[in-house]
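As provided, input.cif (mmCIF, C-alpha atoms) reads as follows.
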```cif
data_coords
#
loop_
_atom_site.label_atom_id
_atom_site.label_comp_id
_atom_site.auth_asym_id
_atom_site.auth_seq_id
_atom_site.Cartn_x
_atom_site.Cartn_y
_atom_site.Cartn_z
CA MET A 814 -16.25 6.79 -3.91
CA ALA A 815 -14.11 4.58 -1.70
CA GLN A 816 -10.70 3.48 -2.85
CA MET A 817 -10.43 0.09 -4.55
CA PRO A 818 -8.33 -2.58 -2.81
CA VAL A 819 -4.70 -2.14 -3.76
CA GLU A 820 -4.59 -5.60 -5.34
CA LEU A 821 -7.27 -4.52 -7.83
CA ILE A 822 -5.44 -1.25 -8.45
CA LEU A 823 -2.25 -3.16 -9.22
CA PHE A 824 -4.06 -5.56 -11.53
CA ARG A 825 -5.68 -2.66 -13.36
CA GLN A 826 -2.31 -1.02 -13.79
CA LEU A 827 -0.90 -4.27 -15.19
CA ALA A 828 -3.88 -4.81 -17.48
CA THR A 829 -3.53 -1.31 -18.87
CA SER A 830 -0.17 -2.36 -20.30
CA LEU A 831 -1.28 -5.71 -21.76
CA ALA A 832 -2.30 -6.46 -25.33
CA VAL A 833 -4.41 -9.43 -24.20
CA PRO A 834 -8.01 -8.51 -23.37
CA VAL A 835 -8.61 -8.29 -19.60
CA VAL A 836 -11.81 -7.72 -17.64
CA LEU A 837 -11.70 -7.00 -13.91
CA VAL A 838 -14.70 -7.45 -11.59
CA ASP A 839 -15.21 -6.74 -7.91
CA GLU A 840 -16.43 -9.24 -5.33
CA ARG A 841 -20.04 -8.70 -6.51
CA SER A 842 -18.93 -9.60 -10.06
CA ASP A 843 -19.65 -6.07 -11.28
CA ILE A 844 -17.19 -5.08 -14.01
CA ILE A 845 -14.97 -2.30 -12.71
CA PHE A 846 -12.33 -2.24 -15.45
CA ILE A 847 -11.90 -3.28 -19.07
CA ASN A 848 -8.57 -2.71 -20.77
CA GLU A 849 -8.31 -1.34 -24.28
CA ALA A 850 -7.86 -4.75 -25.87
CA ALA A 851 -11.03 -6.00 -24.18
CA GLU A 852 -12.91 -2.86 -25.17
CA ARG A 853 -12.15 -3.67 -28.79
CA VAL A 854 -13.46 -7.24 -28.49
CA LEU A 855 -16.54 -6.29 -26.47
CA GLY A 856 -17.27 -3.23 -28.54
CA VAL A 857 -17.66 -0.99 -25.51
CA ARG A 858 -15.67 1.75 -23.85
CA LEU A 859 -15.82 1.56 -20.06
CA GLU A 860 -15.13 5.30 -19.82
CA GLU A 861 -18.55 5.82 -21.37
CA LEU A 862 -20.20 3.48 -18.87
CA ASP A 863 -18.08 3.93 -15.72
CA ALA A 864 -19.15 0.49 -14.48
CA LEU A 865 -21.06 -2.54 -15.70
CA PRO A 866 -23.18 -4.24 -13.03
CA TYR A 867 -23.35 -8.04 -12.99
CA ALA A 868 -26.98 -8.08 -14.10
CA THR A 869 -26.14 -5.99 -17.14
CA TRP A 870 -22.94 -7.49 -18.49
CA THR A 871 -23.90 -11.12 -18.05
CA THR A 872 -26.70 -10.69 -20.58
CA ALA A 873 -25.59 -7.66 -22.63
CA PHE A 874 -23.13 -9.66 -24.73
CA ARG A 875 -25.64 -12.51 -25.26
CA PRO A 876 -23.16 -15.27 -24.36
CA ARG A 877 -23.81 -18.55 -26.11
CA ASN A 878 -22.28 -21.97 -26.58
CA HIS A 879 -21.07 -23.01 -30.01
CA ASP A 880 -24.37 -24.84 -30.56
CA GLY A 881 -26.24 -21.60 -30.06
CA THR A 882 -27.69 -22.35 -26.63
CA GLN A 883 -27.61 -19.51 -24.16
CA VAL A 884 -25.06 -19.64 -21.33
CA PRO A 885 -26.72 -18.77 -18.01
CA ALA A 886 -25.08 -15.96 -16.09
CA ASP A 887 -23.94 -18.24 -13.27
CA GLU A 888 -22.17 -20.52 -15.77
CA LEU A 889 -19.96 -17.82 -17.24
CA PRO A 890 -16.29 -18.53 -16.43
CA LEU A 891 -15.73 -15.21 -14.67
CA VAL A 892 -18.86 -15.58 -12.53
CA LYS A 893 -17.90 -19.16 -11.63
CA ALA A 894 -14.35 -18.15 -10.74
CA VAL A 895 -15.52 -15.49 -8.28
CA ARG A 896 -18.34 -17.62 -6.84
CA ASP A 897 -16.33 -20.82 -6.46
CA ARG A 898 -12.96 -19.13 -5.79
CA ARG A 899 -11.42 -21.41 -8.40
CA PRO A 900 -10.11 -20.85 -11.92
CA ALA A 901 -12.60 -21.46 -14.73
CA HIS A 902 -12.23 -21.74 -18.48
CA GLY A 903 -14.55 -21.99 -21.42
CA PRO A 904 -15.35 -21.12 -25.03
CA LEU A 905 -18.08 -18.58 -25.71
CA VAL A 906 -19.76 -16.87 -28.61
CA ILE A 907 -20.60 -13.27 -27.80
CA TYR A 908 -22.10 -10.29 -29.52
CA GLY A 909 -20.17 -7.13 -28.91
CA ALA A 910 -21.96 -3.87 -28.31
CA ASP A 911 -20.82 -3.00 -31.83
CA GLY A 912 -23.07 -5.80 -33.11
CA VAL A 913 -20.21 -8.08 -34.19
CA GLU A 914 -20.34 -11.78 -33.27
CA ARG A 915 -17.08 -13.13 -31.92
CA THR A 916 -15.88 -16.51 -30.72
CA ILE A 917 -13.65 -16.30 -27.69
CA GLU A 918 -11.83 -18.52 -25.19
CA VAL A 919 -12.06 -17.22 -21.63
CA THR A 920 -9.81 -18.03 -18.68
CA ALA A 921 -10.92 -16.55 -15.39
CA PHE A 922 -9.52 -16.68 -11.87
CA PRO A 923 -10.44 -15.21 -8.52
CA LEU A 924 -8.41 -12.52 -6.79
CA GLU A 925 -7.81 -12.95 -3.08
CA GLY A 926 -5.94 -10.39 -1.03
CA GLY A 927 -3.19 -10.87 1.52
CA ARG A 928 -5.77 -11.27 4.28
CA GLY A 929 -7.45 -14.08 2.33
CA ARG A 930 -10.43 -11.89 1.49
CA LEU A 931 -12.11 -12.35 -1.88
CA LEU A 932 -11.64 -9.09 -3.77
CA GLY A 933 -13.03 -9.96 -7.19
CA GLY A 934 -11.87 -11.74 -10.28
CA VAL A 935 -10.11 -11.43 -13.61
CA ALA A 936 -10.97 -12.77 -17.03
CA MET A 937 -8.45 -12.90 -19.83
CA PHE A 938 -9.71 -13.95 -23.21
CA TRP A 939 -8.68 -14.56 -26.77
CA GLU A 940 -10.58 -14.47 -30.03
CA SER A 941 -10.59 -17.93 -31.56
CA GLU A 942 -11.85 -19.72 -34.64
CA ALA A 943 -15.43 -20.93 -34.60
CA PRO A 944 -15.44 -24.76 -34.52
CA MET B 664 -0.96 15.07 18.63
CA ARG B 665 2.83 15.23 18.33
CA VAL B 666 4.91 13.42 15.74
CA THR B 667 8.63 12.92 16.35
CA PHE B 668 11.08 11.62 13.78
CA TRP B 669 13.66 9.19 15.19
CA GLY B 670 14.75 7.94 11.78
CA THR B 671 13.99 9.38 8.35
CA ARG B 672 16.41 7.59 6.04
CA GLY B 673 15.39 4.86 3.62
CA SER B 674 17.08 1.69 2.38
CA ILE B 675 20.10 1.70 4.71
CA ALA B 676 21.39 3.85 7.52
CA ALA B 677 23.70 6.60 6.30
CA ALA B 678 25.45 8.14 9.27
CA GLY B 679 28.12 10.77 8.77
CA PRO B 680 28.78 14.46 8.48
CA ALA B 681 27.08 14.67 5.09
CA THR B 682 23.73 13.55 6.50
CA GLN B 683 23.70 15.20 9.93
CA GLY B 684 20.99 17.67 8.97
CA TYR B 685 18.27 15.19 8.01
CA GLY B 686 19.75 12.28 9.93
CA GLY B 687 21.17 8.92 9.02
CA ASN B 688 18.95 6.48 10.90
CA THR B 689 16.30 4.48 9.09
CA ALA B 690 12.53 4.76 9.51
CA CYS B 691 11.08 5.28 12.95
CA VAL B 692 8.36 7.76 13.93
CA GLN B 693 6.73 8.30 17.32
CA VAL B 694 3.15 9.57 17.58
CA GLN B 695 2.01 10.92 20.95
CA ALA B 696 -1.44 12.06 22.01
CA ASP B 697 -2.02 14.84 24.51
CA ASP B 698 -2.93 12.25 27.18
CA GLY B 699 0.39 10.46 26.80
CA THR B 700 -0.76 7.63 24.54
CA CYS B 701 2.14 6.69 22.30
CA VAL B 702 2.53 4.52 19.24
CA VAL B 703 5.65 3.83 17.22
CA LEU B 704 5.71 3.56 13.45
CA ASP B 705 8.40 1.25 12.11
CA ALA B 706 11.51 -0.10 13.77
CA GLY B 707 14.40 1.08 11.66
CA THR B 708 17.68 1.95 13.31
CA GLY B 709 16.10 5.12 14.71
CA ILE B 710 14.10 3.07 17.20
CA ARG B 711 17.24 2.39 19.27
CA ALA B 712 17.39 5.96 20.55
CA LEU B 713 13.63 6.05 21.02
CA GLY B 714 13.87 2.98 23.24
CA LEU B 715 16.27 4.79 25.53
CA ALA B 716 13.74 7.62 25.84
CA ILE B 717 10.80 5.41 26.83
CA ALA B 718 9.86 6.22 30.42
CA PRO B 719 10.67 3.58 33.09
CA GLU B 720 7.05 3.66 34.22
CA ALA B 721 5.80 2.68 30.75
CA ARG B 722 4.10 -0.71 30.77
CA ARG B 723 3.07 -1.08 27.14
CA VAL B 724 4.54 -0.26 23.75
CA ASP B 725 2.87 -0.62 20.36
CA VAL B 726 5.08 -0.78 17.27
CA PHE B 727 3.32 -0.68 13.91
CA LEU B 728 5.47 -2.00 11.08
CA SER B 729 4.70 -0.86 7.55
CA HIS B 730 6.54 -3.86 6.09
CA LEU B 731 9.42 -6.12 6.88
CA HIS B 732 12.23 -4.76 4.73
CA MET B 733 15.39 -4.41 6.80
CA ASP B 734 15.35 -0.63 6.97
CA HIS B 735 12.04 -0.90 8.84
CA ILE B 736 12.85 -3.70 11.30
CA GLN B 737 16.60 -3.60 11.86
CA GLY B 738 16.30 -1.67 15.11
CA LEU B 739 13.92 -4.13 16.78
CA GLY B 740 16.70 -6.11 18.38
CA PHE B 741 18.09 -2.92 19.91
CA PHE B 742 14.80 -1.51 21.20
CA THR B 743 15.38 -1.78 24.96
CA PRO B 744 11.69 -1.98 25.99
CA LEU B 745 11.54 -5.39 24.29
CA PHE B 746 14.00 -6.67 26.89
CA ARG B 747 12.05 -5.41 29.92
CA SER B 748 10.01 -8.00 31.79
CA ASP B 749 7.58 -5.32 32.99
CA ILE B 750 6.63 -4.32 29.43
CA GLU B 751 3.84 -5.66 27.27
CA ALA B 752 5.05 -5.21 23.69
CA HIS B 753 2.61 -5.33 20.80
CA LEU B 754 4.10 -5.66 17.33
CA TRP B 755 1.75 -5.06 14.43
CA GLY B 756 2.63 -5.82 10.82
CA PRO B 757 1.21 -6.46 7.37
CA PRO B 758 -0.58 -9.77 6.93
CA SER B 759 0.78 -12.36 4.57
CA ALA B 760 -1.00 -15.26 2.95
CA THR B 761 2.00 -17.56 3.39
CA LEU B 762 3.61 -16.97 6.79
CA ASP B 763 2.44 -15.26 9.96
CA LEU B 764 4.16 -12.21 11.40
CA ARG B 765 6.06 -14.20 14.03
CA GLY B 766 7.47 -16.51 11.41
CA ARG B 767 8.56 -13.66 9.17
CA LEU B 768 10.10 -11.58 11.96
CA SER B 769 11.88 -14.64 13.29
CA ARG B 770 13.83 -14.87 10.07
CA TYR B 771 15.70 -11.80 11.27
CA LEU B 772 15.43 -12.20 15.05
CA SER B 773 17.23 -15.56 15.16
CA PRO B 774 20.72 -16.87 14.45
CA PRO B 775 22.72 -16.42 12.33
CA LEU B 776 21.40 -12.90 11.68
CA PHE B 777 20.75 -12.06 15.35
CA PRO B 778 21.85 -13.78 18.56
CA VAL B 779 18.56 -13.49 20.47
CA ARG B 780 15.41 -15.20 19.30
CA LEU B 781 12.10 -13.35 19.24
CA ARG B 782 10.69 -15.78 21.82
CA ASP B 783 13.59 -15.09 24.19
CA LEU B 784 13.10 -11.34 24.45
CA GLY B 785 12.39 -10.36 28.03
CA SER B 786 9.10 -8.58 27.47
CA ARG B 787 5.75 -10.15 26.82
CA VAL B 788 5.59 -9.87 23.04
CA GLU B 789 2.27 -10.14 21.22
CA LEU B 790 2.08 -10.06 17.46
CA HIS B 791 -0.89 -8.87 15.44
CA ASN B 792 -1.88 -8.31 11.86
CA ALA B 793 -2.07 -4.60 11.14
CA PRO B 794 -5.66 -3.52 11.79
CA ASP B 795 -7.84 -3.07 8.71
CA GLU B 796 -10.59 -1.64 10.91
CA PRO B 797 -10.10 1.37 13.18
CA THR B 798 -8.44 0.14 16.37
CA LEU B 799 -8.00 2.14 19.56
CA ILE B 800 -4.58 2.25 21.21
CA GLY B 801 -5.32 4.42 24.22
CA SER B 802 -6.76 7.60 22.75
CA LEU B 803 -5.24 7.08 19.29
CA GLU B 804 -7.24 5.35 16.56
CA VAL B 805 -5.11 3.38 14.13
CA THR B 806 -6.10 1.80 10.85
CA SER B 807 -4.08 0.35 8.01
CA ASP B 808 -4.47 -0.58 4.40
CA ALA B 809 -2.28 -2.29 1.83
CA VAL B 810 -0.29 0.06 -0.40
CA ILE B 811 1.84 -0.41 -3.49
CA HIS B 812 5.37 -1.51 -2.56
CA PRO B 813 7.13 -4.83 -3.21
CA GLY B 814 5.92 -7.49 -0.75
CA PRO B 815 3.15 -7.17 1.83
CA THR B 816 3.16 -3.50 2.85
CA VAL B 817 0.68 -1.28 4.63
CA GLY B 818 0.32 2.40 5.33
CA TYR B 819 -1.27 3.76 8.50
CA ARG B 820 -3.76 6.46 9.37
CA ILE B 821 -3.83 7.69 12.96
CA THR B 822 -6.39 10.03 14.46
CA GLY B 823 -6.43 11.58 17.90
CA ASP B 824 -6.95 14.88 19.67
CA GLY B 825 -9.21 15.86 16.76
CA ARG B 826 -6.33 15.63 14.27
CA SER B 827 -5.20 13.08 11.72
CA MET B 828 -1.99 11.89 10.15
CA ALA B 829 -1.05 9.27 7.56
CA TYR B 830 2.20 7.37 7.29
CA LEU B 831 3.14 5.96 3.89
CA PRO B 832 6.91 5.70 4.10
CA ASP B 833 7.44 3.37 1.15
CA HIS B 834 4.92 3.92 -1.59
CA GLU B 835 4.91 3.77 -5.38
CA PRO B 836 1.34 4.66 -6.34
CA ALA B 837 2.41 5.68 -9.85
CA LEU B 838 3.67 2.19 -10.73
CA GLY B 839 2.55 1.19 -14.21
CA LEU B 840 0.76 4.44 -14.96
CA THR B 841 1.50 6.74 -17.87
CA ALA B 842 -0.23 9.64 -16.12
CA PHE B 843 -0.31 10.22 -12.38
CA PRO B 844 -2.41 10.81 -10.41
CA GLY B 845 -5.61 9.26 -11.64
CA ARG B 846 -8.92 9.17 -9.84
CA PRO B 847 -8.68 8.76 -6.05
CA GLU B 848 -10.60 5.46 -6.07
CA TRP B 849 -7.89 3.99 -8.32
CA THR B 850 -4.98 5.45 -6.36
CA SER B 851 -3.19 3.38 -3.71
CA GLY B 852 -3.23 4.98 -0.27
CA SER B 853 -5.84 7.59 -1.08
CA ASP B 854 -8.36 6.46 1.54
CA LEU B 855 -5.71 6.40 4.25
CA ALA B 856 -4.44 9.87 3.45
CA ARG B 857 -7.66 11.64 2.54
CA GLY B 858 -7.75 15.10 4.10
CA VAL B 859 -5.10 14.42 6.74
CA ASP B 860 -3.48 17.21 8.71
CA LEU B 861 -0.06 15.60 8.24
CA LEU B 862 1.04 13.22 5.52
CA ILE B 863 4.40 11.50 5.94
CA HIS B 864 5.20 10.22 2.47
CA ASP B 865 7.97 8.67 0.47
CA ALA B 866 9.76 11.02 -1.93
CA GLN B 867 13.03 9.16 -2.25
CA TYR B 868 13.88 10.16 -5.80
CA PHE B 869 14.18 13.05 -8.14
CA PRO B 870 12.16 12.27 -11.29
CA GLY B 871 15.28 11.34 -13.24
CA GLU B 872 16.32 8.85 -10.57
CA ARG B 873 12.84 7.35 -10.41
CA LYS B 874 12.90 6.53 -14.12
CA GLU B 875 15.85 4.22 -13.47
CA ARG B 876 14.17 2.56 -10.49
CA VAL B 877 10.61 1.78 -11.54
CA GLY B 878 9.21 -1.05 -9.46
CA TRP B 879 11.55 -0.47 -6.52
CA GLY B 880 8.58 0.78 -4.53
CA HIS B 881 9.24 4.49 -4.13
CA SER B 882 8.01 7.86 -5.33
CA SER B 883 9.57 10.85 -6.99
CA THR B 884 9.31 14.42 -5.79
CA ALA B 885 6.62 15.12 -8.39
CA GLU B 886 4.63 12.02 -7.49
CA ALA B 887 4.72 12.76 -3.77
CA ALA B 888 3.50 16.30 -4.42
CA SER B 889 0.75 15.08 -6.77
CA PHE B 890 -0.39 12.46 -4.28
CA ALA B 891 -0.53 14.97 -1.42
CA ARG B 892 -2.61 17.36 -3.53
CA LEU B 893 -4.91 14.56 -4.72
CA VAL B 894 -5.79 13.53 -1.17
CA GLY B 895 -6.01 17.06 0.15
CA ALA B 896 -3.28 16.79 2.78
CA ARG B 897 -2.56 20.00 4.67
CA HIS B 898 1.07 19.31 5.47
CA LEU B 899 3.45 16.98 3.66
CA ALA B 900 6.57 15.69 5.40
CA VAL B 901 8.95 14.26 2.82
CA PHE B 902 10.36 10.98 4.12
CA HIS B 903 12.49 7.92 3.32
CA HIS B 904 15.52 9.88 2.21
CA ASP B 905 17.85 8.15 -0.18
CA PRO B 906 21.13 7.16 1.52
CA ALA B 907 23.02 8.73 -1.38
CA HIS B 908 21.42 12.14 -0.84
CA ASP B 909 23.45 14.44 1.39
CA ASP B 910 21.95 17.42 3.19
CA PRO B 911 22.32 19.97 0.34
CA THR B 912 20.81 17.47 -2.08
CA LEU B 913 17.86 16.92 0.26
CA ASP B 914 17.40 20.67 0.63
CA ALA B 915 17.03 20.82 -3.15
CA LEU B 916 14.72 17.79 -3.20
CA VAL B 917 12.40 19.25 -0.56
CA ALA B 918 12.35 22.57 -2.41
CA GLU B 919 11.33 20.72 -5.57
CA VAL B 920 8.42 19.06 -3.76
CA ALA B 921 7.36 22.40 -2.28
CA ALA B 922 7.40 24.03 -5.71
CA ALA B 923 5.19 21.25 -7.08
CA ALA B 924 2.71 21.59 -4.21
CA PRO B 925 2.49 25.32 -3.53
CA ASP B 926 -0.87 24.96 -1.77
CA ILE B 927 0.50 22.56 0.86
CA ALA B 928 2.98 23.11 3.68
CA VAL B 929 6.01 20.97 2.77
CA THR B 930 8.89 20.04 5.04
CA GLY B 931 11.68 17.53 4.85
CA ALA B 932 11.49 15.11 7.76
CA ARG B 933 14.54 15.61 9.98
CA GLU B 934 15.70 13.18 12.64
CA GLY B 935 14.98 14.68 16.05
CA ASP B 936 12.31 17.10 14.85
CA THR B 937 8.80 17.12 16.31
CA ILE B 938 5.75 18.34 14.44
CA GLU B 939 2.70 19.51 16.37
CA VAL B 940 -0.18 18.25 14.24
#
```
Represent the supplied structure as structure tokens.
Amino acid sequence: MAQMPVELILFRQLATSLAVPVVLVDERSDIIFINEAAERVLGVRLEELDALPYATWTTAFRPRNHDGTQVPADELPLVKAVRDRRPAHGPLVIYGADGVERTIEVTAFPLEGGRGRLLGGVAMFWESEAP
Amino acid sequence: MRVTFWGTRGSIAAAGPATQGYGGNTACVQVQADDGTCVVLDAGTGIRALGLAIAPEARRVDVFLSHLHMDHIQGLGFFTPLFRSDIEAHLWGPPSATLDLRGRLSRYLSPPLFPVRLRDLGSRVELHNAPDEPTLIGSLEVTSDAVIHPGPTVGYRITGDGRSMAYLPDHEPALGLTAFPGRPEWTSGSDLARGVDLLIHDAQYFPGERKERVGWGHSSTAEAASFARLVGARHLAVFHHDPAHDDPTLDALVAEVAAAAPDIAVTGAREGDTIEV
């Protein structure tokens, strides 16, 4: 397997030390890293999965708006951030792989390397109160 | 392929009787192919003496900068080929999202830090971003990739004459990790150094020193040994010697690396030495 871009390696190393949940995706929006705090919220352990392709994770957690309507994959903040190369933010209701429903606030932003190349994106999120 | 060390010291030049064995000049390495193709890695103070050794008939020089910290560029203004009107000089360096290589180098090569401006050097100077795709310089193929060190920094991999070498003079791949090394795909520099015949790698600190200098961009003896074993290097040349380490201290440091990597040939890079790769 080829080495990840060093910017993603550095972000992973930072995320490993953070208490805030962090998800890291590559330029295809496949999840390549979830820190321990995010594993707890999502109810998954990445070590057991190795990677989560875009098509899997964007539906696996059944993301919904507060009114119960489904959020399409291309409207998820992390997907928008990578696609549009702009920060994105939004509230979501998700179902973790442990079957627990959680309300979260997601802030996502794209990662561009020193050569201006899009490398992927990062989502940081917080559990919040349901409205 | 022959690799000659013109400067092996890190951080700042450290000339004097205590450092005569490994040398006091800062980073500069010359790589020569059997057909005479030559590239230069970094322009620390060691490049001054290299410049004096460049043949009068030479018409092109290529200097690949790993990054723009002073110990890697300070010799540029004293590299005599840059003042020759019959020389085409190509300077390659890490890309930056904020300022091009000319603008960044000009911060040093201009008053008040230096009397001669980059544009006023006598040679025809061309500046390039370090190649992220394999690029041929004569018979040598050069590629670069970003590595972990403060500020835009790259390492280089050079292949030629059927051999390969990697140059990662300032590298802290263990930054932020509780256990090192991890998997190769999550290790900075691993693609560049995979399976090389010669790995020139930072081992500036003993482990105790490294604990006090996390984030400064350098590796310990143990980390350098672990990295070399992870990538399957055949020969590790310990590089970027701390200016505070005298020759006996460096002998002990190199021995510590060798003990941690018993399956790899380990040497301490010494100014003036040439390694046949």
| query | Which residues match the PyMOL selection byres ((chain B) within 8 of (chain A)) in the file above, as a VMD selection string? | reply | chain B and resid 758 to 760 809 to 811 815 838 to 840 847 to 851 853 to 854
Expected file contents, prior selection, C-alpha atoms, as a compact mmCIF listing (two decimals), in the coordinates of the input:
```txt
# COMPACT_ATOMS: atom_id res chain seq x y z
CA PRO B 758 -0.58 -9.77 6.93
CA SER B 759 0.78 -12.36 4.57
CA ALA B 760 -1.00 -15.26 2.95
CA ALA B 809 -2.28 -2.29 1.83
CA VAL B 810 -0.29 0.06 -0.40
CA ILE B 811 1.84 -0.41 -3.49
CA PRO B 815 3.15 -7.17 1.83
CA LEU B 838 3.67 2.19 -10.73
CA GLY B 839 2.55 1.19 -14.21
CA LEU B 840 0.76 4.44 -14.96
CA PRO B 847 -8.68 8.76 -6.05
CA GLU B 848 -10.60 5.46 -6.07
CA TRP B 849 -7.89 3.99 -8.32
CA THR B 850 -4.98 5.45 -6.36
CA SER B 851 -3.19 3.38 -3.71
CA SER B 853 -5.84 7.59 -1.08
CA ASP B 854 -8.36 6.46 1.54
```
| query | Looking at A:Val884, A:Ala894, A:Val906, A:Ile847, which one is nearest to Pro834 in chain A, with distances taken over all atoms listed in the file? | reply |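 Using all atoms listed in the file, Pro834 in chain A sits closest to A:Ile847.
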| said: Can you pull out the residues contacting Glu872 in chain B? Cut-off 12 Å, using all atoms listed in the file, and skip same-chain residues under 2 positions away; I want them as a ChimeraX atom specification. | reply: /B:866-870,874-877,879,881-885,905,907-908,916
| task | Any chance you could resolve the PyMOL selection byres ((chain A and resi 832) around 6) against this file and give the residues as a list in words? | result |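 So the PyMOL selection byres ((chain A and resi 832) around 6) ends up selecting Leu831, Val833 and Ala850 of chain A.
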Could you list the residues chosen by the PyMOL selection byres ((chain A and resi 938) around 12) in this structure as an mmCIF file with C-alpha atoms, in the frame of the given file?
```cif
data_model
loop_
_atom_site.group_PDB
_atom_site.id
_atom_site.type_symbol
_atom_site.label_atom_id
_atom_site.label_comp_id
_atom_site.auth_asym_id
_atom_site.auth_seq_id
_atom_site.Cartn_x
_atom_site.Cartn_y
_atom_site.Cartn_z
ATOM 1 C CA LEU A 831 -1.280 -5.710 -21.760
ATOM 2 C CA ALA A 832 -2.300 -6.460 -25.330
ATOM 3 C CA VAL A 833 -4.410 -9.430 -24.200
ATOM 4 C CA PRO A 834 -8.010 -8.510 -23.370
ATOM 5 C CA VAL A 835 -8.610 -8.290 -19.600
ATOM 6 C CA VAL A 836 -11.810 -7.720 -17.640
ATOM 7 C CA LEU A 837 -11.700 -7.000 -13.910
ATOM 8 C CA ILE A 847 -11.900 -3.280 -19.070
ATOM 9 C CA ASN A 848 -8.570 -2.710 -20.770
ATOM 10 C CA ALA A 850 -7.860 -4.750 -25.870
ATOM 11 C CA ALA A 851 -11.030 -6.000 -24.180
ATOM 12 C CA GLU A 852 -12.910 -2.860 -25.170
ATOM 13 C CA ARG A 853 -12.150 -3.670 -28.790
ATOM 14 C CA VAL A 854 -13.460 -7.240 -28.490
ATOM 15 C CA LEU A 855 -16.540 -6.290 -26.470
ATOM 16 C CA PRO A 890 -16.290 -18.530 -16.430
ATOM 17 C CA LEU A 891 -15.730 -15.210 -14.670
ATOM 18 C CA ALA A 901 -12.600 -21.460 -14.730
ATOM 19 C CA HIS A 902 -12.230 -21.740 -18.480
ATOM 20 C CA GLY A 903 -14.550 -21.990 -21.420
ATOM 21 C CA PRO A 904 -15.350 -21.120 -25.030
ATOM 22 C CA LEU A 905 -18.080 -18.580 -25.710
ATOM 23 C CA VAL A 906 -19.760 -16.870 -28.610
ATOM 24 C CA ILE A 907 -20.600 -13.270 -27.800
ATOM 25 C CA ARG A 915 -17.080 -13.130 -31.920
ATOM 26 C CA THR A 916 -15.880 -16.510 -30.720
ATOM 27 C CA ILE A 917 -13.650 -16.300 -27.690
ATOM 28 C CA GLU A 918 -11.830 -18.520 -25.190
ATOM 29 C CA VAL A 919 -12.060 -17.220 -21.630
ATOM 30 C CA THR A 920 -9.810 -18.030 -18.680
ATOM 31 C CA ALA A 921 -10.920 -16.550 -15.390
ATOM 32 C CA PHE A 922 -9.520 -16.680 -11.870
ATOM 33 C CA VAL A 935 -10.110 -11.430 -13.610
ATOM 34 C CA ALA A 936 -10.970 -12.770 -17.030
ATOM 35 C CA MET A 937 -8.450 -12.900 -19.830
ATOM 36 C CA TRP A 939 -8.680 -14.560 -26.770
ATOM 37 C CA GLU A 940 -10.580 -14.470 -30.030
ATOM 38 C CA SER A 941 -10.590 -17.930 -31.560
#
```
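Excluding Glu804 in chain B itself and any same-chain residue fewer than 6 positions from it, the protein and nucleic acid residues within 6 Å of it, counting all atoms listed in the file, are B:Pro797, B:Thr798, B:Ile821, B:Thr822.
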| Neighbours of Gly766 in chain B within 12 Å (only C-alpha atoms; same-chain residues fewer than 2 positions away dropped), as a PyMOL selection string? | chain B and resi 731+756+758-759+761-764+768-773+780-782+790
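Of the listed residues (B:Thr841, B:Thr930, B:Thr689, B:Ser729), B:Thr930 comes nearest to His898 in chain B; the distances count all atoms listed in the file.
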